[in-house]
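See below for run_19.csv, which holds CSV, C-alpha atoms and all ligand atoms.
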```csv
chain,number,residue,atom,x,y,z
A,1,MET,CA,-10.1,-14.1,-11.7
A,2,ILE,CA,-7.2,-12.2,-13.3
A,3,ILE,CA,-4.7,-9.8,-11.9
A,4,ARG,CA,-4.0,-7.0,-14.4
A,5,PRO,CA,-2.5,-3.6,-14.6
A,6,THR,CA,-4.9,-0.7,-14.5
A,7,THR,CA,-5.4,2.2,-16.9
A,8,ALA,CA,-5.8,5.9,-16.1
A,9,ASP,CA,-9.3,6.1,-17.6
A,10,GLU,CA,-10.8,3.6,-15.0
A,11,ALA,CA,-10.0,5.8,-11.9
A,12,ASP,CA,-13.7,6.2,-11.1
A,13,ALA,CA,-14.4,2.5,-11.3
A,14,LEU,CA,-11.4,1.8,-9.1
A,15,ALA,CA,-12.5,4.5,-6.6
A,16,ALA,CA,-15.8,2.7,-6.4
A,17,VAL,CA,-14.1,-0.5,-5.2
A,18,HIS,CA,-12.4,1.6,-2.4
A,19,ARG,CA,-15.7,3.3,-1.5
A,20,ALA,CA,-17.4,-0.1,-1.1
A,21,ALA,CA,-14.6,-1.7,0.8
A,22,PHE,CA,-13.9,1.1,3.3
A,23,GLY,CA,-17.5,2.3,3.4
A,24,SER,CA,-16.5,5.9,3.0
A,25,ASP,CA,-15.4,8.4,0.4
A,26,LEU,CA,-12.1,9.2,2.1
A,27,GLU,CA,-10.1,6.3,0.5
A,28,ALA,CA,-12.0,6.6,-2.8
A,29,ASP,CA,-11.1,10.2,-3.1
A,30,LEU,CA,-7.6,9.4,-2.0
A,31,ALA,CA,-7.2,6.7,-4.7
A,32,ARG,CA,-8.4,9.2,-7.3
A,33,ASP,CA,-6.0,11.9,-6.1
A,34,LEU,CA,-3.1,9.5,-6.0
A,35,ILE,CA,-3.7,8.3,-9.6
A,36,ARG,CA,-3.4,11.9,-10.7
A,37,ASP,CA,-0.3,12.6,-8.6
A,38,SER,CA,3.2,12.7,-10.0
A,39,ALA,CA,4.2,10.1,-7.4
A,40,TYR,CA,1.8,7.5,-8.9
A,41,VAL,CA,3.5,4.2,-9.9
A,42,PRO,CA,1.1,2.7,-12.5
A,43,ALA,CA,3.3,-0.2,-13.3
A,44,LEU,CA,2.7,-1.7,-9.9
A,45,SER,CA,-0.9,-0.8,-9.4
A,46,PHE,CA,-3.0,-3.9,-10.0
A,47,ALA,CA,-6.7,-4.7,-10.3
A,48,ALA,CA,-8.4,-8.1,-9.6
A,49,GLU,CA,-11.1,-8.7,-12.1
A,50,GLU,CA,-13.6,-11.5,-12.8
A,51,ASP,CA,-16.0,-11.6,-15.7
A,52,GLY,CA,-15.4,-7.9,-16.4
A,53,VAL,CA,-16.2,-7.0,-12.7
A,54,LEU,CA,-13.5,-5.2,-10.6
A,55,LEU,CA,-13.1,-7.1,-7.3
A,56,GLY,CA,-10.0,-5.4,-5.9
A,57,HIS,CA,-7.3,-2.8,-6.4
A,58,VAL,CA,-3.9,-2.0,-4.9
A,59,LEU,CA,-2.2,1.3,-5.6
A,60,PHE,CA,1.4,2.4,-5.2
A,61,THR,CA,3.1,5.8,-5.1
A,62,ARG,CA,6.7,6.7,-4.8
A,63,ALA,CA,8.0,7.5,-1.3
A,64,TRP,CA,11.5,8.3,0.1
A,65,LEU,CA,13.6,7.4,3.1
A,66,ASN,CA,15.6,10.5,3.8
A,67,ARG,CA,18.7,9.2,5.7
A,68,ASP,CA,19.8,10.7,8.9
A,69,ASP,CA,23.5,10.4,7.8
A,70,GLY,CA,22.8,12.8,4.9
A,71,LEU,CA,23.7,10.3,2.2
A,72,PRO,CA,21.3,10.0,-0.8
A,73,GLY,CA,18.0,8.5,0.4
A,74,PHE,CA,16.3,5.3,-0.7
A,75,PRO,CA,13.3,5.4,-3.1
A,76,LEU,CA,10.5,3.3,-1.6
A,77,LEU,CA,7.1,2.2,-2.8
A,78,ASN,CA,4.1,3.2,-0.7
A,79,LEU,CA,1.2,0.7,-0.8
A,80,ALA,CA,-2.1,2.5,-0.3
A,81,PRO,CA,-4.9,2.1,-0.6
A,82,LEU,CA,-5.7,-1.6,-0.9
A,83,ALA,CA,-9.3,-2.7,-1.2
A,84,VAL,CA,-11.4,-5.8,-2.0
A,85,LEU,CA,-15.2,-5.7,-2.5
A,86,PRO,CA,-16.9,-6.6,0.8
A,87,GLU,CA,-18.7,-9.6,-0.6
A,88,ARG,CA,-15.4,-11.0,-2.0
A,89,GLN,CA,-13.2,-10.4,1.1
A,90,ARG,CA,-11.3,-13.3,2.8
A,91,GLU,CA,-11.0,-15.2,-0.4
A,92,GLY,CA,-7.3,-14.4,-0.8
A,93,ILE,CA,-7.8,-11.6,-3.4
A,94,GLY,CA,-6.1,-8.9,-1.3
A,95,SER,CA,-3.1,-11.2,-0.7
A,96,THR,CA,-2.9,-12.1,-4.4
A,97,LEU,CA,-2.8,-8.4,-5.3
A,98,VAL,CA,0.0,-7.6,-2.7
A,99,GLU,CA,2.0,-10.7,-3.7
A,100,ALA,CA,1.8,-9.8,-7.4
A,101,ALA,CA,3.1,-6.2,-6.6
A,102,ILE,CA,5.9,-7.4,-4.3
A,103,ALA,CA,7.1,-10.0,-7.0
A,104,LEU,CA,7.2,-7.3,-9.7
A,105,ALA,CA,8.8,-4.8,-7.4
A,106,ARG,CA,11.6,-7.3,-6.6
A,107,GLU,CA,12.1,-8.1,-10.2
A,108,SER,CA,12.2,-4.4,-11.1
A,109,GLY,CA,15.1,-3.8,-8.6
A,110,GLU,CA,13.0,-1.8,-6.1
A,111,VAL,CA,14.7,-1.6,-2.7
A,112,GLY,CA,11.7,-1.4,-0.3
A,113,MET,CA,8.1,-1.0,0.3
A,114,LEU,CA,6.1,0.9,2.9
A,115,VAL,CA,2.5,0.6,4.2
A,116,PHE,CA,0.3,2.1,7.0
A,117,GLY,CA,-1.8,-0.8,8.1
A,118,ASP,CA,-2.4,-3.7,10.4
A,119,PRO,CA,0.7,-5.8,11.1
A,120,LYS,CA,-1.6,-8.9,11.3
A,121,LEU,CA,-2.4,-8.3,7.6
A,122,TYR,CA,1.0,-7.2,6.3
A,123,GLY,CA,3.4,-9.1,8.5
A,124,ARG,CA,2.6,-12.3,6.5
A,125,PHE,CA,4.3,-10.6,3.5
A,126,GLY,CA,7.4,-9.7,5.5
A,127,PHE,CA,6.6,-6.1,6.5
A,128,VAL,CA,8.1,-5.1,9.9
A,129,PRO,CA,7.3,-2.0,12.0
A,130,ALA,CA,9.3,0.9,10.7
A,131,ALA,CA,10.0,2.3,14.2
A,132,THR,CA,11.9,-0.9,15.1
A,133,CYS,CA,14.4,-0.1,12.3
A,134,GLY,CA,15.0,3.5,13.2
A,135,ILE,CA,12.7,4.7,10.4
A,136,ARG,CA,10.5,7.5,11.5
A,137,THR,CA,7.5,9.4,10.1
A,138,PRO,CA,7.2,13.2,9.8
A,139,HIS,CA,4.0,13.2,11.9
A,140,PRO,CA,3.0,10.9,14.8
A,141,ALA,CA,0.9,7.9,13.7
A,142,GLU,CA,-1.6,5.9,15.8
A,143,PRO,CA,-0.6,3.2,16.4
A,144,GLU,CA,3.0,4.1,15.9
A,145,TRP,CA,3.7,0.5,14.6
A,146,GLY,CA,1.1,1.1,11.8
A,147,TRP,CA,3.9,2.2,9.5
A,148,GLN,CA,5.7,-0.9,8.3
A,149,VAL,CA,8.5,-1.5,5.8
A,150,LEU,CA,9.4,-4.4,3.7
A,151,GLU,CA,13.1,-4.8,2.7
A,152,LEU,CA,13.5,-5.8,-1.0
A,153,ALA,CA,17.2,-5.0,-1.2
A,154,LEU,CA,19.7,-5.4,1.7
A,155,GLY,CA,20.4,-2.3,3.7
A,156,VAL,CA,17.1,-0.3,3.8
A,157,LEU,CA,16.0,-1.7,7.2
A,158,GLY,CA,19.3,-0.9,8.8
A,159,THR,CA,19.3,2.8,7.7
A,160,PRO,CA,17.7,5.3,10.1
A,161,GLY,CA,15.9,8.2,8.5
A,162,VAL,CA,12.6,10.0,8.0
A,163,LEU,CA,10.0,8.8,5.5
A,164,GLU,CA,8.6,11.2,2.9
A,165,VAL,CA,5.3,10.2,1.2
A,166,ALA,CA,3.3,11.6,-1.7
A,167,ALA,CA,1.5,14.9,-0.9
A,168,PRO,CA,-2.1,13.3,-0.9
A,169,LEU,CA,-0.9,10.8,1.8
A,170,ASP,CA,0.9,13.3,3.9
A,171,HIS,CA,-2.0,13.9,6.3
A,172,PRO,CA,-1.8,12.7,9.9
A,173,GLU,CA,-5.6,12.0,9.8
A,174,LEU,CA,-4.9,9.2,7.4
A,175,TRP,CA,-2.5,7.7,9.9
A,176,ARG,CA,-5.0,6.6,12.4
A,177,ALA,CA,-6.0,2.9,12.5
B,201,LIG,C1,-7.9,-5.6,3.9
B,201,LIG,C2,-8.4,-6.3,2.6
B,201,LIG,C3,-7.9,-5.6,1.4
B,201,LIG,C4,-7.9,-7.7,2.6
B,201,LIG,O1,-8.3,-8.3,1.4
B,201,LIG,P1,-8.9,-9.8,1.4
B,201,LIG,O2,-9.0,-10.3,0.0
B,201,LIG,O3,-10.1,-9.8,2.3
B,201,LIG,O4,-7.7,-10.5,2.1
B,201,LIG,P2,-7.2,-12.0,2.1
B,201,LIG,O5,-8.4,-12.9,1.8
B,201,LIG,O6,-6.1,-12.2,1.2
B,201,LIG,O7,-6.8,-12.3,3.6
B,201,LIG,C5,-5.6,-12.1,4.0
B,201,LIG,C6,-5.5,-12.2,5.5
B,201,LIG,O8,-5.7,-11.0,6.1
B,201,LIG,C7,-6.7,-11.1,7.1
B,201,LIG,N1,-7.3,-9.8,7.1
B,201,LIG,C8,-8.2,-9.3,6.1
B,201,LIG,N2,-8.6,-8.1,6.4
B,201,LIG,C9,-7.9,-7.7,7.6
B,201,LIG,C10,-7.8,-6.5,8.4
B,201,LIG,N3,-8.5,-5.4,8.1
B,201,LIG,N4,-7.0,-6.6,9.4
B,201,LIG,C11,-6.3,-7.6,9.8
B,201,LIG,N5,-6.3,-8.8,9.0
B,201,LIG,C12,-7.1,-8.8,8.0
B,201,LIG,C13,-7.6,-12.2,6.7
B,201,LIG,O9,-8.2,-12.7,7.8
B,201,LIG,C14,-6.6,-13.1,6.1
B,201,LIG,O10,-6.0,-13.9,7.1
B,201,LIG,P3,-6.2,-15.5,7.2
B,201,LIG,O11,-5.7,-16.0,5.9
B,201,LIG,O12,-5.4,-15.8,8.4
B,201,LIG,O13,-7.7,-15.6,7.4
B,201,LIG,C15,-9.9,-6.3,2.6
B,201,LIG,O14,-10.4,-7.0,3.7
B,201,LIG,C16,-10.6,-4.9,2.5
B,201,LIG,O15,-10.7,-4.4,1.4
B,201,LIG,N6,-10.9,-4.4,3.7
B,201,LIG,C17,-11.4,-3.0,3.8
B,201,LIG,C18,-10.4,-2.0,3.4
B,201,LIG,C19,-9.1,-2.1,4.2
B,201,LIG,O16,-9.1,-2.2,5.4
B,201,LIG,N7,-7.9,-2.0,3.4
B,201,LIG,C20,-6.6,-2.1,4.0
B,201,LIG,C21,-6.2,-0.8,4.5
B,201,LIG,S1,-4.5,-0.8,4.9
```

Translate the structure described by the file into structure tokens.
Ligand SMILES: CC(C)(COP(=O)(O)OP(=O)(O)OC[C@H]1O[C@@H](n2cnc3c(N)ncnc32)[C@H](O)[C@@H]1OP(=O)(O)O)[C@@H](O)C(=O)NCCC(=O)NCCS
Amino acid sequence: MIIRPTTADEADALAAVHRAAFGSDLEADLARDLIRDSAYVPALSFAAEEDGVLLGHVLFTRAWLNRDDGLPGFPLLNLAPLAVLPERQREGIGSTLVEAAIALARESGEVGMLVFGDPKLYGRFGFVPAATCGIRTPHPAEPEWGWQVLELALGVLGTPGVLEVAAPLDHPELWRA
């Protein structure tokens, strides 16, 4: 298996991985919309591939932490969506994709990451619930602790503020686990 960057012309093939993994068109359409969005961060969006078959995909878009104190906010990276083909789940592919992206983000001088997901899955990478750090979302989420942050540069987690995510992700119905 290889982990590699993706190209814009494979958006449909990547969307198919999300459709299979989530069992719905919602995340597949979301992945396609995010790839077209100005907030898309192609450099950190990786595919897992084996013998020419796509097994998994992780996608990142730019997000912001708008600080309560009015000082310039922090640019963050929002991880969503993440998917691995159902028949290849629980083999470590999802973790490998997330770890590859975190390593490159760190190397690139990014200050923090954001995800809406299960802490059981993301806690192992160092994500902590955003609410415990004074970081809030513009709409209520269920569960509230579903939004999590990972500090890559010192300071982000101690800075209260409100998150701003790419337009295709800014829908409370996506924030229900
Ligand atoms: C979530 C997903 C991407 C994980 O990929 P994966 O390749 O199966 O993950 P890994 O094999 O690296 O497993 C990582 C760990 O997370 C756990 N895990 C996997 N899916 C999980 C989930 N939905 N919730 C909580 N924990 C999960 C695994 O049990 C494993 O823990 P373990 O090592 O203690 O057994 C994959 O299961 C998937 O595509 N699921 C459907 C789509 C989805 O829910 N995406 C995430 C949305 S935030």

May I ask you to write as a VMD selection string all residues lying at most 9 Å from ligand LIG 201 (chain B), with all atoms listed in the file counted?
-> chain A and resid 17 to 23 27 55 to 58 79 to 86 88 to 98 115 to 122 124 177

Okay, now the selection with C-alpha atoms, as a PDB file, keeping the file's coordinate frame?
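That gives us out36.pdb:
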```pdb
ATOM      1  CA  VAL A  17     -14.100  -0.500  -5.200  1.00  0.00           C
ATOM      2  CA  HIS A  18     -12.400   1.600  -2.400  1.00  0.00           C
ATOM      3  CA  ARG A  19     -15.700   3.300  -1.500  1.00  0.00           C
ATOM      4  CA  ALA A  20     -17.400  -0.100  -1.100  1.00  0.00           C
ATOM      5  CA  ALA A  21     -14.600  -1.700   0.800  1.00  0.00           C
ATOM      6  CA  PHE A  22     -13.900   1.100   3.300  1.00  0.00           C
ATOM      7  CA  GLY A  23     -17.500   2.300   3.400  1.00  0.00           C
ATOM      8  CA  GLU A  27     -10.100   6.300   0.500  1.00  0.00           C
ATOM      9  CA  LEU A  55     -13.100  -7.100  -7.300  1.00  0.00           C
ATOM     10  CA  GLY A  56     -10.000  -5.400  -5.900  1.00  0.00           C
ATOM     11  CA  HIS A  57      -7.300  -2.800  -6.400  1.00  0.00           C
ATOM     12  CA  VAL A  58      -3.900  -2.000  -4.900  1.00  0.00           C
ATOM     13  CA  LEU A  79       1.200   0.700  -0.800  1.00  0.00           C
ATOM     14  CA  ALA A  80      -2.100   2.500  -0.300  1.00  0.00           C
ATOM     15  CA  PRO A  81      -4.900   2.100  -0.600  1.00  0.00           C
ATOM     16  CA  LEU A  82      -5.700  -1.600  -0.900  1.00  0.00           C
ATOM     17  CA  ALA A  83      -9.300  -2.700  -1.200  1.00  0.00           C
ATOM     18  CA  VAL A  84     -11.400  -5.800  -2.000  1.00  0.00           C
ATOM     19  CA  LEU A  85     -15.200  -5.700  -2.500  1.00  0.00           C
ATOM     20  CA  PRO A  86     -16.900  -6.600   0.800  1.00  0.00           C
ATOM     21  CA  ARG A  88     -15.400 -11.000  -2.000  1.00  0.00           C
ATOM     22  CA  GLN A  89     -13.200 -10.400   1.100  1.00  0.00           C
ATOM     23  CA  ARG A  90     -11.300 -13.300   2.800  1.00  0.00           C
ATOM     24  CA  GLU A  91     -11.000 -15.200  -0.400  1.00  0.00           C
ATOM     25  CA  GLY A  92      -7.300 -14.400  -0.800  1.00  0.00           C
ATOM     26  CA  ILE A  93      -7.800 -11.600  -3.400  1.00  0.00           C
ATOM     27  CA  GLY A  94      -6.100  -8.900  -1.300  1.00  0.00           C
ATOM     28  CA  SER A  95      -3.100 -11.200  -0.700  1.00  0.00           C
ATOM     29  CA  THR A  96      -2.900 -12.100  -4.400  1.00  0.00           C
ATOM     30  CA  LEU A  97      -2.800  -8.400  -5.300  1.00  0.00           C
ATOM     31  CA  VAL A  98       0.000  -7.600  -2.700  1.00  0.00           C
ATOM     32  CA  VAL A 115       2.500   0.600   4.200  1.00  0.00           C
ATOM     33  CA  PHE A 116       0.300   2.100   7.000  1.00  0.00           C
ATOM     34  CA  GLY A 117      -1.800  -0.800   8.100  1.00  0.00           C
ATOM     35  CA  ASP A 118      -2.400  -3.700  10.400  1.00  0.00           C
ATOM     36  CA  PRO A 119       0.700  -5.800  11.100  1.00  0.00           C
ATOM     37  CA  LYS A 120      -1.600  -8.900  11.300  1.00  0.00           C
ATOM     38  CA  LEU A 121      -2.400  -8.300   7.600  1.00  0.00           C
ATOM     39  CA  TYR A 122       1.000  -7.200   6.300  1.00  0.00           C
ATOM     40  CA  ARG A 124       2.600 -12.300   6.500  1.00  0.00           C
ATOM     41  CA  ALA A 177      -6.000   2.900  12.500  1.00  0.00           C
TER      42      ALA A 177
END
```

Tell me which protein, DNA and RNA residues are within 7 Å of region 146-158 of chain A, counting all atoms listed in the file, leaving out same-chain ones fewer than 2 positions away, and put them as JSON, numbers by chain.
-> {"A": [106, 110, 111, 112, 113, 114, 115, 116, 117, 118, 119, 126, 127, 128, 129, 130, 133, 142, 143, 144, 160]}

Provide the CA of Ala166 (chain A) to CA of His139 (chain A) distance in Å, to one decimal place.
-> 13.7 Å

Pro42 (chain A) surroundings by all atoms listed in the file, 12 Å radius, close-in-sequence under 4 positions cut, as a PyMOL selection string | chain A and resi 4-8+11+34-38+46-47+57-62+77+79+101+105

Option closest in space to Leu169 (chain A), from A:Asp33, A:Asp9, A:Asp51, A:Leu65 [counting all atoms listed in the file] =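 Residue with the minimum atom-to-atom distance to Leu169 (chain A): A:Asp33.
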
Distance criterion (only C-alpha atoms): nearest to Ala63 (chain A) out of A:Ser108, A:Thr159, A:Asn78, A:Ser45 | A:Asn78
